[in-house]
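Take a look at the structure set out below.
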Number of protein chains: 2
Amino acid sequence: MDELQPADRTAVGASVIERLEALIFDRLEPGEILPSEGKLAEALGVSRLTVREANRALEARGLLEIRQGCRPTVAAPNGALVGDFFKIAVRRDPRAVLDLLDVRMALEVHIAALAAKRATTADVADLEMFVEAMRAAVDQPEAFHAADVRFHEKLAAASSNRLLVFLIEALSEPLRESRLRSFAGHQARGRGAEDVIEQHVAILEAVRRRNAKAASAAMRYHLQQTERDLRAMLRGAPLRPQARGRASGET
Amino acid sequence: MDELQPADRTAVGASVIERLEALIFDRLEPGEILPSEGKLAEALGVSRLTVREANRALEARGLLEIRQGCRPTVAAPNGALVGDFFKIAVRRDPRAVLDLLDVRMALEVHIAALAAKRATTADVADLEMFVEAMRAAVDQPEAFHAADVRFHEKLAAASSNRLLVFLIEALSEPLRESRLRSFAGHQARGRGAEDVIEQHVAILEAVRRRNAKAASAAMRYHLQQTERDLRAMLRGAPLRPQARGRASGET
DNA sequence: CACTCTAGCCTGTCTGATATGTTCGTGTTT
DNA sequence: AAACACGAACATATCAGACAGGCTAGAGTG
């Protein structure tokens with residue numbers, strides 16, 4: 001009698017979402033595939049439409065991946081959702097970029113400390129490699145920036161905390177979109193690149209020595225310098241409206 | 001020729017989502033309402049179903065609120081999405097709770113420093129009030145815990161960083177679900193409550209004195225103690241399976 | 001003026017049909 | 001025999017029309 005009969009024709013969707021969610025968490029691993037919409041509709045006693053909407057909702061929550069022609073596959077957790085949230089916040093209020101920098105400071109400083117405690121020798125070797133890549137790319141802003149990002153991502157990974165990795169990942173996207181990238185390029189061109197490398201070396205060496213406090217301090221200094229240069233550049237050339245190819249055409 | 005005509009009948013949904021997104025960000029404020037599904041379908045030249053799915057997708061991303069009978073309203077940004085992400089991560093791997101504690105440590109330590117720099121006298125007064133509430137509730141675990149949470153939320157607000165507020169909000173939900181709440185109650189019963197109050201006072205006083213370093217240190221100590229006690233309790237009585245009313249009945 | 005109640009709007013769900021993308025087995029070719 | 005091309009079966013994407021149930025505001029009543 002407790003089998004939920006479709007007496008209420010209005011809460012069916014939510015019920016289907018819950019049941020699919022339970023199915024995904026309790027019986028399936030990331031990468032596995034779900035039955036097709038038709039099969040699920042029949043099994044759950046609802047229409048294909050309802051299953052479809054449930055699938056889309058779960059996709060939006062990062063639990064499923066849906067492509068036309070293929071059955072839905074269970075998605076591995078990733079920071080895309082959180083990145084979306086940050087992007088939305090910035091889009092609603094551009095000043096939120098400064099808040100993003102605060103968040104990054106908080107996370108990276110802690111990451112540096114954790115990495116100093118938990119990094120393996122292999123991790124340290126990888127970090128060193130990225131610093132070398134930066135040295136080799138002082139004249140190539142793109143490559144320099146890429147190596148910079150990889151260094152920070154690797155450091156997050158070395159903290160052995162997957163959530164921190166996701167969060168750093170989520171932060172880098174909206175920060176990059178906010179013209180901080182062109183800034184990084186600008187930064188790399190001048191002799192500032194050497195300072196940036198030096199700051200990364202300081203972090204790396206602190207991690208190698210397993211000195212959490214020094215790693216935190218080095219990271220804090222690095223981000224403070226980055227933010228200071230950024231603010232200086234923004235004052236110098238404040239938000240030049242991105243010159244896209246769009247001349248006119250606002251539907 | 002580049003006006004997206006519905007020649008492709010397969011990318012219509014994504015296009016509608018993008019257009020609605022632009023509409024929401026560029027022309028509407030939180031609280032305003034969108035046209036009904038039917039109107040939008042007609043205006044965009046697609047079927048009601050497509051608009052409906054777009055609406056649900058935007059709802060899942062935290063941009064809309066949809067209730068039966070009412071037209072969709074633009075939602076204010078909130079941390080629910082991020083909270084969902086954390087909850088999902090924990091559900092996939094319960095050990096992620098420890099990662100959550102790391103994240104909280106990172107954020108709260110930074111929040112304490114920012115609050116020391118930015119808090120107004122009114123903020124400090126509010127914080128003091130919550131400490132008083134904790135003092136008055138040493139024998140009422142529920143109220144004690146509530147005041148504790150309010151203190152931390154208020155501190156985040158005093159950092160003048162809305163993203164940090166959302167993140168703290170997002171963290172508290174899954175942490176509470178992870179039986180940390182019963183722990184807080186347990187903690188409040190013993191004389192540990194006095195220690196906890198003392199730790200909050202230390203944070204409060206550091207903020208009042210505008211001493212960012214001291215505030216950070218006090219917060220770090222507080223969270224370290226909390227985590228230490230938590231681990232001790234988990235070792236003492238490891239995950240007692242929640243005794244619900246369910247005797248038997250797994251579908 | 002306050003209260004009720006209903007008509008109309010809106011979302012929730014179902015049915016059935018067509019278009020488009022994916023996969024995999026089959027058959028052909030080299 | 002192996003590699004490639006092709007098509008049938010399957011799966012999702014979208015459309016159209018219909019009905020059920022929730023919500024709101026304005027008409028009507030006391």
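Here's how to read the names in the structure tokens: chain A, B, ... by the order shown, residue numbers from 1 in each chain, ligand numbers from 1 in the order shown.
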
Residues of chain C within 8 Å of chain A, using only C-alpha atoms (C1' of nucleotides), as an mmCIF file with N, CA and C atoms (P, O5', C5', C4', C3', O3' and C1' of nucleotides), in the first residue's frame?
data_model
loop_
_atom_site.group_PDB
_atom_site.id
_atom_site.type_symbol
_atom_site.label_atom_id
_atom_site.label_comp_id
_atom_site.auth_asym_id
_atom_site.auth_seq_id
_atom_site.Cartn_x
_atom_site.Cartn_y
_atom_site.Cartn_z
ATOM 1 P P DG C 12 5.766 23.273 -13.117
ATOM 2 O "O5'" DG C 12 4.638 22.156 -13.252
ATOM 3 C "C5'" DG C 12 4.019 21.663 -12.066
ATOM 4 C "C4'" DG C 12 3.342 20.334 -12.343
ATOM 5 C "C3'" DG C 12 4.261 19.273 -12.975
ATOM 6 O "O3'" DG C 12 4.020 18.013 -12.344
ATOM 7 C "C1'" DG C 12 2.383 19.628 -14.366
ATOM 8 P P DT C 13 4.993 16.778 -12.722
ATOM 9 O "O5'" DT C 13 4.167 16.025 -13.845
ATOM 10 C "C5'" DT C 13 2.897 15.481 -13.536
ATOM 11 C "C4'" DT C 13 2.211 15.007 -14.780
ATOM 12 C "C3'" DT C 13 3.018 14.057 -15.666
ATOM 13 O "O3'" DT C 13 2.563 12.734 -15.452
ATOM 14 C "C1'" DT C 13 1.706 15.629 -16.921
ATOM 15 P P DC C 14 3.187 11.536 -16.325
ATOM 16 O "O5'" DC C 14 2.196 11.476 -17.563
ATOM 17 C "C5'" DC C 14 0.796 11.314 -17.330
ATOM 18 C "C4'" DC C 14 0.055 11.314 -18.656
ATOM 19 C "C3'" DC C 14 0.639 10.365 -19.698
ATOM 20 O "O3'" DC C 14 -0.297 9.354 -20.028
ATOM 21 C "C1'" DC C 14 0.197 12.523 -20.623
ATOM 22 P P DG C 21 21.898 15.807 -36.693
ATOM 23 O "O5'" DG C 21 22.656 14.857 -35.659
ATOM 24 C "C5'" DG C 21 22.591 15.155 -34.270
ATOM 25 C "C4'" DG C 21 22.777 13.888 -33.444
ATOM 26 C "C3'" DG C 21 24.058 13.104 -33.755
ATOM 27 O "O3'" DG C 21 24.687 12.747 -32.539
ATOM 28 C "C1'" DG C 21 22.191 11.666 -33.856
ATOM 29 P P DT C 22 26.217 12.197 -32.571
ATOM 30 O "O5'" DT C 22 26.102 10.908 -31.639
ATOM 31 C "C5'" DT C 22 24.871 10.206 -31.604
ATOM 32 C "C4'" DT C 22 25.053 8.860 -30.931
ATOM 33 C "C3'" DT C 22 26.393 8.195 -31.174
ATOM 34 O "O3'" DT C 22 26.688 7.351 -30.078
ATOM 35 C "C1'" DT C 22 24.690 6.968 -32.280
#

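Interface residues of chain A facing chain B, defined by any atom at most 8 Å away and using only C-alpha atoms, are Phe25, Glu53, Arg56, Ala57, Ala60, Arg61, Pro77, Leu81, Val82, Asp84, Phe85, Ile88, Ala89, Arg91, Arg92, Ala96, Asp99, Leu100, Asp102, Val103, Met105, Ala106, Leu107, Val109, His110, Asn161, Arg162, Leu163 and Leu164 of chain A.
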
* To do: Define the interface residues of chain D facing chain B as those within 12 Å, counting only C-alpha atoms (C1' of nucleotides), and report them as a PyMOL selection string.
  => chain D and resi 12-17+21-24

* **Computed interatomic separation between CA of Leu230 (chain B) and CA of Asp123 (chain B) (Å)** =>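 Between CA of Leu230 (chain B) and CA of Asp123 (chain B) the gap works out to 29.2 Å.
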
* Asked: CA of Gly192 (chain A) and CA of Ala116 (chain A) are how many Å apart?
  ->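 These atoms are spaced 25.9 Å apart.
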
* To do: Might you pull out every residue within 12 Å of DG26 (chain D), with only C-alpha atoms (C1' of nucleotides) counted and same-chain residues fewer than 4 positions away left off, and present them as a PyMOL selection string?
  => chain C and resi 4-8

Produce a file of the selected residues containing N, CA and C atoms (P, O5', C5', C4', C3', O3' and C1' of nucleotides), as a short mmCIF file (atom, residue, chain, number, x, y, z; two decimals), in the first residue's frame.
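Output contents, as saved in part-v8.cif:
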data_model
loop_
_atom_site.label_atom_id
_atom_site.label_comp_id
_atom_site.auth_asym_id
_atom_site.auth_seq_id
_atom_site.Cartn_x
_atom_site.Cartn_y
_atom_site.Cartn_z
P DT C 4 -14.43 34.33 4.26
"O5'" DT C 4 -15.23 33.88 2.95
"C5'" DT C 4 -16.63 34.08 2.89
"C4'" DT C 4 -17.12 33.84 1.46
"C3'" DT C 4 -16.52 32.60 0.79
"O3'" DT C 4 -17.54 31.93 0.05
"C1'" DT C 4 -16.12 34.49 -0.55
P DC C 5 -17.37 30.45 -0.55
"O5'" DC C 5 -18.14 30.56 -1.93
"C5'" DC C 5 -18.50 31.86 -2.43
"C4'" DC C 5 -18.07 31.96 -3.89
"C3'" DC C 5 -17.49 30.67 -4.47
"O3'" DC C 5 -17.95 30.54 -5.80
"C1'" DC C 5 -15.95 32.40 -4.73
P DT C 6 -18.15 29.09 -6.54
"O5'" DT C 6 -18.08 29.49 -8.09
"C5'" DT C 6 -18.54 30.79 -8.51
"C4'" DT C 6 -17.50 31.44 -9.38
"C3'" DT C 6 -16.89 30.50 -10.44
"O3'" DT C 6 -16.89 31.18 -11.69
"C1'" DT C 6 -15.19 31.65 -9.31
P DA C 7 -17.27 30.38 -13.04
"O5'" DA C 7 -16.55 31.24 -14.17
"C5'" DA C 7 -16.53 32.67 -14.04
"C4'" DA C 7 -15.19 33.22 -14.52
"C3'" DA C 7 -14.61 32.48 -15.74
"O3'" DA C 7 -14.07 33.43 -16.64
"C1'" DA C 7 -13.05 32.41 -13.95
P DG C 8 -13.57 33.02 -18.07
"O5'" DG C 8 -12.00 33.30 -17.99
"C5'" DG C 8 -11.52 34.48 -17.39
"C4'" DG C 8 -10.03 34.35 -17.09
"C3'" DG C 8 -9.21 33.68 -18.21
"O3'" DG C 8 -8.03 34.43 -18.40
"C1'" DG C 8 -8.82 32.58 -16.17
#

* Distance query region 218-228 of chain B at most 7 Å, only C-alpha atoms (C1' of nucleotides), self and fewer than 3 positions along chain excluded, as number ranges by chain -> B: 105, 108-109, 112, 199, 202-203, 214-215, 231-232

* To do: Tell me which protein, DNA and RNA residues are within 12 Å of region 24-30 of chain C, counting only C-alpha atoms (C1' of nucleotides), leaving out same-chain ones fewer than 6 positions away, and put them as a VMD selection string.
  => chain D and resid 1 to 10

Write the selection just made, keeping C-alpha atoms (C1' of nucleotides), as a short mmCIF file (atom, residue, chain, number, x, y, z; two decimals), in the first residue's frame?
data_model
loop_
_atom_site.label_atom_id
_atom_site.label_comp_id
_atom_site.auth_asym_id
_atom_site.auth_seq_id
_atom_site.Cartn_x
_atom_site.Cartn_y
_atom_site.Cartn_z
"C1'" DA D 1 41.17 -12.10 -43.43
"C1'" DA D 2 41.08 -7.33 -42.28
"C1'" DA D 3 39.39 -2.88 -43.04
"C1'" DC D 4 35.92 0.00 -44.50
"C1'" DA D 5 31.23 1.55 -45.91
"C1'" DC D 6 26.45 1.31 -45.04
"C1'" DG D 7 22.06 0.80 -43.04
"C1'" DA D 8 18.72 -0.80 -39.50
"C1'" DA D 9 17.65 -0.39 -34.75
"C1'" DC D 10 17.76 2.42 -31.01
#

Test item, strand (DSSP E) assignment across region 2-221 of chain B, answer as a short mmCIF file (atom, residue, chain, number, x, y, z; two decimals) with C-alpha atoms, in the first residue's frame:
data_model
loop_
_atom_site.label_atom_id
_atom_site.label_comp_id
_atom_site.auth_asym_id
_atom_site.auth_seq_id
_atom_site.Cartn_x
_atom_site.Cartn_y
_atom_site.Cartn_z
CA LEU B 64 14.91 30.81 -11.61
CA GLU B 65 12.32 29.75 -9.12
CA THR B 73 10.59 34.42 -10.96
CA VAL B 74 14.26 35.39 -11.19
#

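Put simply, C1' of DA25 (chain D) is 22.4 Å away from CA of Leu40 (chain B).
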